[in-house]
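Asker: Dropping in work-v3.txt, which is compact mmCIF, C-alpha atoms:
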# COMPACT_ATOMS: atom_id res chain seq x y z
CA MET A 1 119.84 121.58 93.20
CA PRO A 2 118.84 118.23 94.71
CA GLN A 3 115.16 117.46 94.43
CA ILE A 4 112.64 115.53 96.49
CA THR A 5 111.36 113.05 93.96
CA SER A 6 108.90 110.91 95.90
CA ILE A 7 107.52 110.19 99.38
CA GLY A 8 105.93 107.02 100.71
CA ILE A 9 104.18 106.53 104.05
CA ALA A 10 103.14 103.58 106.21
CA VAL A 11 101.20 103.20 109.46
CA PRO A 12 100.82 100.22 111.82
CA PRO A 13 97.60 98.16 111.90
CA PHE A 14 95.86 99.16 115.15
CA THR A 15 93.73 102.30 114.97
CA ILE A 16 92.79 103.99 118.25
CA THR A 17 90.20 106.76 118.26
CA GLN A 18 90.78 109.82 120.40
CA SER A 19 87.64 109.10 122.42
CA SER A 20 88.97 105.63 123.26
CA ALA A 21 92.34 107.08 124.26
CA GLN A 22 90.59 109.64 126.46
CA ALA A 23 88.58 106.96 128.26
CA PHE A 24 91.74 104.91 128.76
CA ALA A 25 93.57 107.92 130.22
CA ARG A 26 90.73 108.68 132.60
CA ASN A 27 90.95 105.22 134.10
CA LEU A 28 94.74 105.30 134.29
CA PHE A 29 95.31 108.80 135.67
CA ALA A 30 92.20 109.27 137.84
CA ASP A 31 93.89 108.35 141.12
CA SER A 32 96.85 110.66 140.46
CA PHE A 33 94.86 113.74 139.48
CA LYS A 34 91.84 114.56 141.61
CA ASP A 35 90.89 117.13 138.99
CA ILE A 36 91.15 114.60 136.16
CA ASP A 37 87.90 115.78 134.54
CA ARG A 38 89.40 119.25 134.25
CA LEU A 39 92.51 117.87 132.52
CA LEU A 40 90.88 115.42 130.12
CA PRO A 41 89.66 118.07 127.63
CA VAL A 42 93.29 118.13 126.43
CA PHE A 43 92.28 115.13 124.29
CA GLU A 44 89.50 117.12 122.62
CA HIS A 45 91.59 120.25 122.28
CA ALA A 46 94.26 118.23 120.42
CA ARG A 47 91.78 117.99 117.49
CA ILE A 48 92.98 114.47 116.74
CA GLU A 49 90.40 111.95 115.53
CA LYS A 50 92.50 108.79 115.42
CA ARG A 51 96.02 107.45 115.68
CA HIS A 52 97.83 104.29 114.61
CA PHE A 53 99.84 101.89 116.79
CA CYS A 54 101.59 98.55 116.40
CA VAL A 55 99.84 97.17 119.51
CA PRO A 56 96.17 97.27 120.57
CA LEU A 57 94.82 99.57 123.26
CA GLU A 58 94.74 96.78 125.86
CA TRP A 59 98.53 96.48 125.63
CA PHE A 60 98.98 99.90 127.23
CA ALA A 61 97.05 98.88 130.35
CA GLN A 62 99.83 96.48 131.38
CA LYS A 63 103.43 97.10 132.43
CA HIS A 64 106.08 95.97 129.90
CA ASP A 65 109.81 95.75 130.43
CA PRO A 66 112.31 97.55 128.15
CA GLU A 67 113.46 94.29 126.53
CA GLU A 68 109.97 93.40 125.35
CA LYS A 69 109.26 96.91 124.11
CA ASN A 70 112.54 97.19 122.24
CA GLN A 71 112.04 93.86 120.52
CA LEU A 72 108.62 95.04 119.37
CA TYR A 73 110.29 98.23 118.15
CA ILE A 74 112.88 96.37 116.05
CA GLU A 75 110.30 94.08 114.45
CA ASN A 76 107.65 96.71 113.72
CA ALA A 77 109.96 99.61 112.81
CA THR A 78 111.75 97.39 110.29
CA ARG A 79 108.49 96.26 108.72
CA LEU A 80 107.04 99.78 108.53
CA SER A 81 110.27 101.19 107.12
CA MET A 82 110.25 98.60 104.35
CA GLU A 83 106.62 99.35 103.54
CA ALA A 84 107.22 103.10 103.42
CA ALA A 85 110.33 102.62 101.24
CA GLN A 86 108.45 100.45 98.78
CA ASN A 87 105.56 102.94 98.66
CA CYS A 88 108.12 105.67 97.98
CA LEU A 89 109.58 103.78 95.01
CA ASN A 90 106.20 102.75 93.59
CA GLY A 91 105.19 104.96 90.70
CA THR A 92 108.74 106.11 90.02
CA ARG A 93 111.31 104.77 87.58
CA PHE A 94 113.79 104.16 90.38
CA THR A 95 114.78 100.71 91.50
CA ARG A 96 116.27 99.52 94.77
CA GLU A 97 119.59 98.94 93.06
CA GLN A 98 119.86 102.65 92.24
CA ILE A 99 119.86 103.77 95.90
CA ASP A 100 123.34 105.00 96.80
CA HIS A 101 122.80 106.17 100.39
CA LEU A 102 120.30 105.27 103.11
CA ILE A 103 119.71 107.80 105.89
CA PHE A 104 117.76 106.33 108.80
CA ILE A 105 116.06 108.50 111.46
CA SER A 106 114.47 107.29 114.69
CA SER A 107 114.39 108.08 118.42
CA THR A 108 111.94 105.58 119.92
CA GLY A 109 114.02 102.40 120.12
CA LEU A 110 117.56 101.05 119.96
CA ALA A 111 119.34 98.47 117.85
CA THR A 112 122.90 97.49 117.05
CA PRO A 113 123.32 96.73 114.19
CA SER A 114 121.16 99.80 113.59
CA LEU A 115 117.87 99.30 111.80
CA ASP A 116 119.21 100.56 108.48
CA ALA A 117 121.31 97.37 108.36
CA HIS A 118 118.17 95.30 108.93
CA ILE A 119 116.38 97.23 106.17
CA ILE A 120 119.26 96.85 103.72
CA ASN A 121 119.19 93.08 104.20
CA LYS A 122 115.43 92.68 103.99
CA LEU A 123 115.01 95.03 101.00
CA ASN A 124 118.05 93.48 99.31
CA LEU A 125 119.68 96.85 98.70
CA ARG A 126 123.19 97.04 97.26
CA SER A 127 125.97 95.69 99.46
CA ASP A 128 128.10 98.80 98.79
CA ILE A 129 125.37 101.27 99.83
CA LYS A 130 126.37 104.14 102.10
CA ARG A 131 124.36 104.40 105.32
CA THR A 132 123.88 107.00 108.01
CA PRO A 133 121.77 106.10 111.05
CA ILE A 134 120.80 109.11 113.21
CA TRP A 135 119.23 108.81 116.68
CA GLY A 136 117.91 111.34 119.16
CA LEU A 137 116.54 114.11 116.93
CA GLY A 138 112.92 113.56 117.97
CA CYS A 139 110.32 115.61 116.12
CA ALA A 140 112.99 117.50 114.16
CA GLY A 141 114.36 114.29 112.66
CA GLY A 142 112.43 114.22 109.39
CA ALA A 143 113.54 117.72 108.44
CA VAL A 144 117.13 117.09 109.57
CA GLY A 145 117.18 113.92 107.49
CA LEU A 146 116.15 115.93 104.43
CA SER A 147 118.99 118.38 105.14
CA ARG A 148 121.58 115.61 105.39
CA ALA A 149 120.22 114.02 102.19
CA PHE A 150 120.45 117.40 100.46
CA GLU A 151 124.09 117.77 101.45
CA TYR A 152 125.01 114.31 100.18
CA ALA A 153 123.14 114.74 96.90
CA ARG A 154 124.73 118.16 96.39
CA ALA A 155 128.19 116.66 96.92
CA PHE A 156 127.39 113.72 94.62
CA PRO A 157 124.99 115.18 92.04
CA GLU A 158 124.33 111.89 90.24
CA SER A 159 123.36 110.08 93.44
CA THR A 160 120.09 108.76 94.86
CA VAL A 161 119.41 109.05 98.60
CA LEU A 162 116.66 107.20 100.44
CA LEU A 163 115.59 108.81 103.72
CA ILE A 164 113.54 106.76 106.18
CA ALA A 165 112.02 108.15 109.37
CA VAL A 166 110.12 105.78 111.66
CA GLU A 167 108.82 106.29 115.17
CA LEU A 168 106.90 103.95 117.46
CA CYS A 169 106.07 106.43 120.20
CA GLY A 170 103.45 104.18 121.77
CA LEU A 171 106.03 101.56 122.66
CA THR A 172 107.78 104.05 124.93
CA PHE A 173 104.63 104.41 127.07
CA LEU A 174 105.32 103.88 130.78
CA ARG A 175 102.31 102.41 132.55
CA ASP A 176 103.52 103.67 135.93
CA ASP A 177 104.42 107.20 134.83
CA LEU A 178 101.42 109.15 136.10
CA SER A 179 102.90 112.59 135.41
CA LYS A 180 101.14 115.40 133.60
CA SER A 181 103.74 115.17 130.81
CA ASN A 182 102.76 111.56 130.20
CA LEU A 183 99.09 112.49 130.21
CA ILE A 184 99.74 115.11 127.52
CA ALA A 185 101.86 112.65 125.53
CA THR A 186 99.06 110.10 125.73
CA SER A 187 96.74 112.61 124.05
CA LEU A 188 99.14 113.40 121.24
CA PHE A 189 101.81 110.93 120.14
CA ALA A 190 101.40 108.14 117.62
CA GLU A 191 103.31 105.82 115.29
CA GLY A 192 104.21 105.81 111.61
CA ALA A 193 106.96 105.70 109.01
CA ALA A 194 107.82 107.79 105.97
CA ALA A 195 110.43 107.46 103.24
CA ALA A 196 111.65 110.14 100.84
CA LEU A 197 113.73 109.84 97.69
CA ILE A 198 116.20 112.68 97.11
CA THR A 199 118.24 112.90 93.92
CA GLY A 200 121.17 115.02 92.83
CA ASP A 201 120.59 117.59 90.11
CA GLN A 202 122.57 115.59 87.55
CA HIS A 203 120.60 112.40 88.05
CA PRO A 204 119.25 111.22 84.67
CA LEU A 205 115.84 110.28 86.12
CA ASN A 206 115.19 113.60 87.87
CA ARG A 207 112.37 114.80 85.66
CA HIS A 208 109.32 112.56 85.47
CA ALA A 209 105.88 113.13 83.92
CA GLY A 210 106.86 116.72 83.21
CA GLN A 211 105.72 117.86 86.68
CA PRO A 212 107.63 120.35 88.83
CA ALA A 213 109.30 118.84 91.89
CA PRO A 214 110.48 120.55 95.09
CA CYS A 215 114.18 121.30 94.81
CA ILE A 216 116.08 122.04 98.01
CA LEU A 217 117.82 125.40 97.76
CA ASN A 218 119.28 125.76 101.24
CA THR A 219 118.94 124.65 104.86
CA ARG A 220 119.33 126.17 108.30
CA SER A 221 119.82 124.52 111.68
CA VAL A 222 119.49 126.25 115.03
CA ILE A 223 119.84 125.15 118.63
CA TRP A 224 118.64 127.47 121.36
CA LYS A 225 120.97 127.38 124.35
CA ASP A 226 119.85 126.56 127.88
CA THR A 227 116.74 124.74 126.66
CA LEU A 228 117.87 121.13 127.16
CA ASP A 229 114.92 120.41 129.44
CA ILE A 230 112.22 121.39 126.93
CA MET A 231 111.84 118.08 125.10
CA GLY A 232 113.44 114.65 125.07
CA TRP A 233 113.78 111.43 127.06
CA ASP A 234 114.85 110.55 130.57
CA ILE A 235 116.46 107.12 130.52
CA THR A 236 114.95 105.16 133.42
CA ARG A 237 115.10 101.56 134.59
CA ASP A 238 111.67 101.07 132.99
CA GLY A 239 112.58 102.61 129.64
CA LEU A 240 112.27 106.00 127.94
CA LYS A 241 110.33 108.58 129.95
CA VAL A 242 108.98 111.54 128.00
CA ILE A 243 110.08 115.12 128.67
CA PHE A 244 107.52 117.49 127.21
CA SER A 245 107.44 121.11 128.37
CA ARG A 246 104.35 123.28 128.32
CA ASP A 247 106.64 126.15 127.20
CA ILE A 248 106.99 124.89 123.60
CA PRO A 249 104.20 127.05 122.07
CA GLY A 250 105.63 130.12 123.80
CA ILE A 251 109.08 129.38 122.40
CA VAL A 252 107.60 129.10 118.91
CA GLU A 253 105.86 132.46 119.29
CA LYS A 254 109.04 134.13 120.55
CA TRP A 255 111.74 132.66 118.32
CA MET A 256 110.15 131.37 115.13
CA ALA A 257 109.71 134.66 113.27
CA PRO A 258 113.32 135.89 113.81
CA GLU A 259 114.73 132.53 112.71
CA VAL A 260 112.57 132.35 109.60
CA GLU A 261 113.32 135.96 108.67
CA THR A 262 117.06 135.40 109.12
CA PHE A 263 116.98 132.24 106.98
CA LEU A 264 114.93 133.81 104.20
CA SER A 265 116.99 137.01 104.15
CA GLN A 266 120.12 134.91 103.71
CA ASN A 267 118.48 133.71 100.50
CA ASP A 268 117.28 137.19 99.42
CA LEU A 269 113.67 136.32 100.22
CA SER A 270 111.00 137.29 102.74
CA ARG A 271 107.90 135.60 104.11
CA LYS A 272 105.76 137.05 101.33
CA HIS A 273 107.66 134.87 98.83
CA ILE A 274 106.71 131.63 100.61
CA ALA A 275 103.60 130.04 99.12
CA HIS A 276 103.72 126.79 101.13
CA PHE A 277 104.50 126.39 104.83
CA ILE A 278 105.33 122.70 105.33
CA THR A 279 105.35 122.45 109.10
CA HIS A 280 105.67 119.59 111.55
CA PRO A 281 102.40 119.60 113.52
CA GLY A 282 103.74 119.21 117.03
CA GLY A 283 100.24 119.81 118.38
CA MET A 284 97.32 122.19 118.08
CA LYS A 285 98.90 124.82 120.35
CA VAL A 286 102.14 124.64 118.37
CA LEU A 287 100.33 125.18 115.07
CA LYS A 288 98.46 128.15 116.54
CA ALA A 289 101.79 129.53 117.72
CA TYR A 290 103.13 129.19 114.15
CA GLU A 291 100.14 131.15 112.87
CA LYS A 292 100.69 133.93 115.38
CA ALA A 293 104.45 134.11 114.90
CA LEU A 294 104.41 134.09 111.10
CA ASN A 295 101.09 135.87 110.57
CA LEU A 296 99.53 132.85 108.90
CA GLN A 297 95.95 131.69 108.45
CA PRO A 298 94.75 128.16 109.26
CA GLU A 299 94.46 127.52 105.52
CA ASP A 300 98.21 128.10 105.20
CA LEU A 301 98.78 125.10 107.48
CA ARG A 302 95.86 122.99 106.27
CA HIS A 303 97.94 119.92 105.51
CA ALA A 304 99.60 120.04 108.92
CA TYR A 305 96.16 120.20 110.56
CA GLN A 306 94.91 117.30 108.41
CA VAL A 307 97.87 115.10 109.28
CA LEU A 308 97.51 115.91 112.97
CA ARG A 309 93.81 115.09 112.83
CA GLY A 310 94.25 111.75 111.05
CA TYR A 311 97.55 110.51 112.45
CA GLY A 312 98.55 112.47 115.57
CA ASN A 313 102.16 113.44 116.25
CA MET A 314 104.44 110.69 114.88
CA SER A 315 107.58 112.58 115.86
CA SER A 316 110.22 112.63 113.09
CA ALA A 317 108.03 111.05 110.39
CA THR A 318 105.21 113.58 110.67
CA VAL A 319 106.66 116.42 108.61
CA LEU A 320 107.20 113.97 105.75
CA PHE A 321 103.51 113.03 105.92
CA VAL A 322 102.74 116.74 105.54
CA LEU A 323 105.22 117.13 102.68
CA ALA A 324 103.65 114.14 100.90
CA ARG A 325 100.36 116.05 100.70
CA TYR A 326 102.07 119.02 99.10
CA LEU A 327 103.58 116.72 96.48
CA GLN A 328 100.08 115.44 95.74
CA ASP A 329 98.86 119.03 95.36
CA GLN A 330 101.45 119.59 92.59
CA PRO A 331 102.26 123.25 93.37
CA ALA A 332 103.01 125.54 90.47
CA GLU A 333 106.47 125.82 89.00
CA GLY A 334 108.37 128.62 90.70
CA ASP A 335 106.53 128.32 94.04
CA TYR A 336 108.66 128.54 97.17
CA GLY A 337 108.08 126.39 100.22
CA LEU A 338 109.50 126.38 103.75
CA ILE A 339 109.88 123.06 105.57
CA SER A 340 110.26 123.35 109.35
CA ALA A 341 110.36 121.10 112.40
CA LEU A 342 111.36 121.48 116.05
CA GLY A 343 112.97 118.92 118.33
CA PRO A 344 115.09 118.19 121.39
CA GLY A 345 117.99 120.46 122.05
CA PHE A 346 115.78 122.62 121.88
CA SER A 347 116.37 122.90 118.15
CA GLY A 348 114.88 123.81 114.81
CA GLU A 349 115.50 122.69 111.25
CA PHE A 350 114.48 124.68 108.17
CA LEU A 351 114.65 123.92 104.46
CA LEU A 352 113.93 126.28 101.60
CA VAL A 353 112.48 124.54 98.56
CA LYS A 354 111.37 125.68 95.14
CA TRP A 355 109.22 123.75 92.67
CA LYS A 356 111.14 123.48 89.41
Take the structure in this file and express it as structure tokens.

Answerer:
Amino acid sequence: MPQITSIGIAVPPFTITQSSAQAFARNLFADSFKDIDRLLPVFEHARIEKRHFCVPLEWFAQKHDPEEKNQLYIENATRLSMEAAQNCLNGTRFTREQIDHLIFISSTGLATPSLDAHIINKLNLRSDIKRTPIWGLGCAGGAVGLSRAFEYARAFPESTVLLIAVELCGLTFLRDDLSKSNLIATSLFAEGAAAALITGDQHPLNRHAGQPAPCILNTRSVIWKDTLDIMGWDITRDGLKVIFSRDIPGIVEKWMAPEVETFLSQNDLSRKHIAHFITHPGGMKVLKAYEKALNLQPEDLRHAYQVLRGYGNMSSATVLFVLARYLQDQPAEGDYGLISALGPGFSGEFLLVKWK
């Protein structure tokens, strides 16, 4: 069984507190919403303390064209990806030359050659490395990337896969989009990068320091039909415009339990066997919907709450931030964990892991 050996994270340099973001939003949206003071508590209800961005708060007050924003994306996403990758390798016995496959996940900017090519050059990875860039998965991307890495490492059990997920959600901000969806997004989304090292079960460096590591047993993907308008982007002349439905928590409450039960039963397990719920924190309401659907307590999702509080929703990278905290916890050998994330489509990705 392929195992998740290490995770590294990176965040951009500008820290914006939630109170500062709330004050900014009040000034920006006041003329569009006469009841703005009734809407602004969404910032407090998000339970976020701070978020990280590659530009300062003043940048968001001005209009920026897609060319400028995309150039900022290429420069900053490449730098953050390299930092996360190096942090992932630090403390392991793996070297850059041992990476056989790079899977790159992002949905907040565009580049051709894709950013994995930029990263390969700047990190001086092998010239014969395999690479798979994946765009458009949104918040589900980190979990989907783990699934694709699992499949490659299972097919090539001596291989090493590096997964990188990076999102610069702030750079997609549209100054002139005064919709309620953009107001909600302004209270929630952030920027960051995460890298994960996944190795096949015959890799000679799999075991390190005698500690159990999460091995991926199986995965499940699902796309719910007729839900294309739940989450995603509209491509406009000004750039990427957020689509963010208020129905997401309700969908989680309705469909999460049946999907989880189906997945676990396929592996002869039930929810009582899962010790660790490693969930993408899409927002406070989404986490509460997880609790209701799966009969969980806030303590069961403590790491998701902590990541949301300290970093906000970084789209695809966020679930890897949560997973990194579980690796630090060093769960007991034999513990089962369920990794889950939701994204555009509307879709879900699930991974069953076991510490071995």

Asker: Using all atoms listed in the file, which residues sit within 8 Å of segment 53-56 of chain A once same-chain residues fewer than 6 positions away are excluded, as a ChimeraX atom specification?

Answerer: /A:11-16,76,168,170,190-192

Asker: If you measure from atom CA of Gly343 of chain A to atom CA of Asp238 of chain A, what distance in Å do you get, rounded to one decimal?

Answerer: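 Atom CA of Asp238 of chain A lies 23.1 Å from atom CA of Gly343 of chain A.
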
Asker: Taking 6 positions as the minimum chain separation for residues in the same chain, which residues sit within 7 Å of Tyr336 of chain A when counting all atoms listed in the file? Answer as a PyMOL selection string.

Answerer: chain A and resi 273-276+353-355

Asker: What are the closest atom pairs, with distances in Å to one decimal, for all residues of segment 182-216 of chain A lying within 8 Å of segment 81-92 of chain A? Consider only C-alpha atoms, order rows by chain and residue number, and present the result as CSV.

Answerer:
residue,atom,partner,partner_atom,distance
A:Ala193,CA,A:Ser81,CA,5.9
A:Ala194,CA,A:Ala84,CA,5.4
A:Ala195,CA,A:Ala85,CA,5.2
A:Ala196,CA,A:Cys88,CA,6.4
A:Leu197,CA,A:Cys88,CA,7.0
A:His208,CA,A:Thr92,CA,7.9

Asker: Got a sec: who's within 10 Å of segment 250-261 of chain A, counting all atoms listed in the file, leaving out chain neighbours fewer than 2 positions off, as number ranges by chain?

Answerer: A: 220-222, 224, 227, 230, 246-248, 263-267, 269-271, 285-295, 338, 340, 342, 346, 348-350

Asker: Quick one: which segment 144-205 of chain A residues come within 7 Å of segment 99-118 of chain A, and what is the nearest atom pair for each with the distance in Å to one decimal, counting all atoms listed in the file, rows ordered by chain and ascending number, as JSON lines?

Answerer:
{"residue": "A:Gly145", "atom": "CA", "partner": "A:Ile105", "partner_atom": "CA", "distance": 6.8}
{"residue": "A:Ser159", "atom": "CA", "partner": "A:Asp100", "partner_atom": "CA", "distance": 6.1}
{"residue": "A:Thr160", "atom": "CA", "partner": "A:Ile99", "partner_atom": "CA", "distance": 5.1}
{"residue": "A:Val161", "atom": "CA", "partner": "A:His101", "partner_atom": "CA", "distance": 4.8}
{"residue": "A:Leu162", "atom": "CA", "partner": "A:Leu102", "partner_atom": "CA", "distance": 4.9}
{"residue": "A:Leu163", "atom": "CA", "partner": "A:Ile103", "partner_atom": "CA", "distance": 4.8}
{"residue": "A:Ile164", "atom": "CA", "partner": "A:Phe104", "partner_atom": "CA", "distance": 5.0}
{"residue": "A:Ala165", "atom": "CA", "partner": "A:Ile105", "partner_atom": "CA", "distance": 4.6}
{"residue": "A:Val166", "atom": "CA", "partner": "A:Ser106", "partner_atom": "CA", "distance": 5.5}
{"residue": "A:Glu167", "atom": "CA", "partner": "A:Thr108", "partner_atom": "CA", "distance": 5.7}
{"residue": "A:Leu168", "atom": "CA", "partner": "A:Thr108", "partner_atom": "CA", "distance": 5.8}
{"residue": "A:Cys169", "atom": "CA", "partner": "A:Thr108", "partner_atom": "CA", "distance": 5.9}
{"residue": "A:Thr172", "atom": "CA", "partner": "A:Thr108", "partner_atom": "CA", "distance": 6.7}

Asker: Which is closer to Ala155 of chain A than all the others in A:Ala341, A:Leu183, A:Met1, A:Leu39, using all atoms listed in the file?

Answerer: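 Using all atoms listed in the file, Ala155 of chain A sits closest to A:Met1.
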
Asker: What is the atom CA of Leu228 of chain A to atom CA of Gly141 of chain A distance in Å?

Answerer: 16.4 Å

Asker: Report the centre and edge lengths, in Å to one decimal, of an axis-aligned box enclosing every atom of segment 13-24 of chain A listed in the file, padded by 4 Å on each side, as lines of an AutoDock Vina configuration file.

Answerer:
center_x = 92.6
center_y = 104.0
center_z = 120.3
size_x = 18.0
size_y = 19.7
size_z = 24.9

Asker: Kindly provide the residues of segment 284-353 of chain A that approach segment 214-217 of chain A to within 12 Å, each paired with its closest atom pair and their distance in Å to one decimal, based on all atoms listed in the file, listed by chain and increasing number, as CSV.

Answerer:
residue,atom,partner,partner_atom,distance
A:Leu323,CA,A:Pro214,CA,9.8
A:Ala324,CA,A:Pro214,CA,11.0
A:Tyr326,CA,A:Pro214,CA,9.4
A:Leu327,CA,A:Pro214,CA,8.0
A:Gln328,CA,A:Pro214,CA,11.6
A:Asp329,CA,A:Pro214,CA,11.7
A:Gln330,CA,A:Pro214,CA,9.4
A:Pro331,CA,A:Pro214,CA,8.8
A:Ala332,CA,A:Pro214,CA,10.1
A:Glu333,CA,A:Pro214,CA,9.0
A:Gly334,CA,A:Pro214,CA,9.4
A:Asp335,CA,A:Pro214,CA,8.8
A:Tyr336,CA,A:Pro214,CA,8.5
A:Gly337,CA,A:Pro214,CA,8.1
A:Leu338,CA,A:Ile216,CA,9.8
A:Ile339,CA,A:Ile216,CA,9.8
A:Phe350,CA,A:Ile216,CA,10.6
A:Leu351,CA,A:Ile216,CA,6.9
A:Leu352,CA,A:Leu217,CA,5.5
A:Val353,CA,A:Ile216,CA,4.4

Asker: Within 9 Å of segment 297-309 of chain A, counting all atoms listed in the file, which residues show up once you throw out same-chain ones fewer than 2 positions away? Write them as a ChimeraX atom specification, please.

Answerer: /A:46-51,188,275-284,287-288,290-292,295,311-314,318-319,321-323,325-326

Asker: For a quick check of understanding, using all atoms listed in the file, which of A:Ile74, A:Ala213, A:Leu40, A:Phe244 has the smallest distance to Ala23 of chain A?

Answerer: A:Leu40

Asker: Could you list as an MDAnalysis selection string every residue that has an atom within 9 Å of (105.8, 99.1, 136.3), using the file's coordinates and counting all atoms listed in the file?

Answerer: chainID A and resid 62:65 174:177 238

Asker: For Phe173 of chain A, which of A:Val242, A:Leu137, A:Val144, A:Ala317 is the closest residue, counting only C-alpha atoms?

Answerer: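 Closest candidate: A:Val242.
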
Asker: Identify which of the residues A:Ile119, A:Ile7, A:Ile134, A:Ile198 lies closest to Ala149 of chain A, counting all atoms listed in the file when measuring atom-to-atom distances.

Answerer: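 Selected residue with least distance to Ala149 of chain A: A:Ile198.
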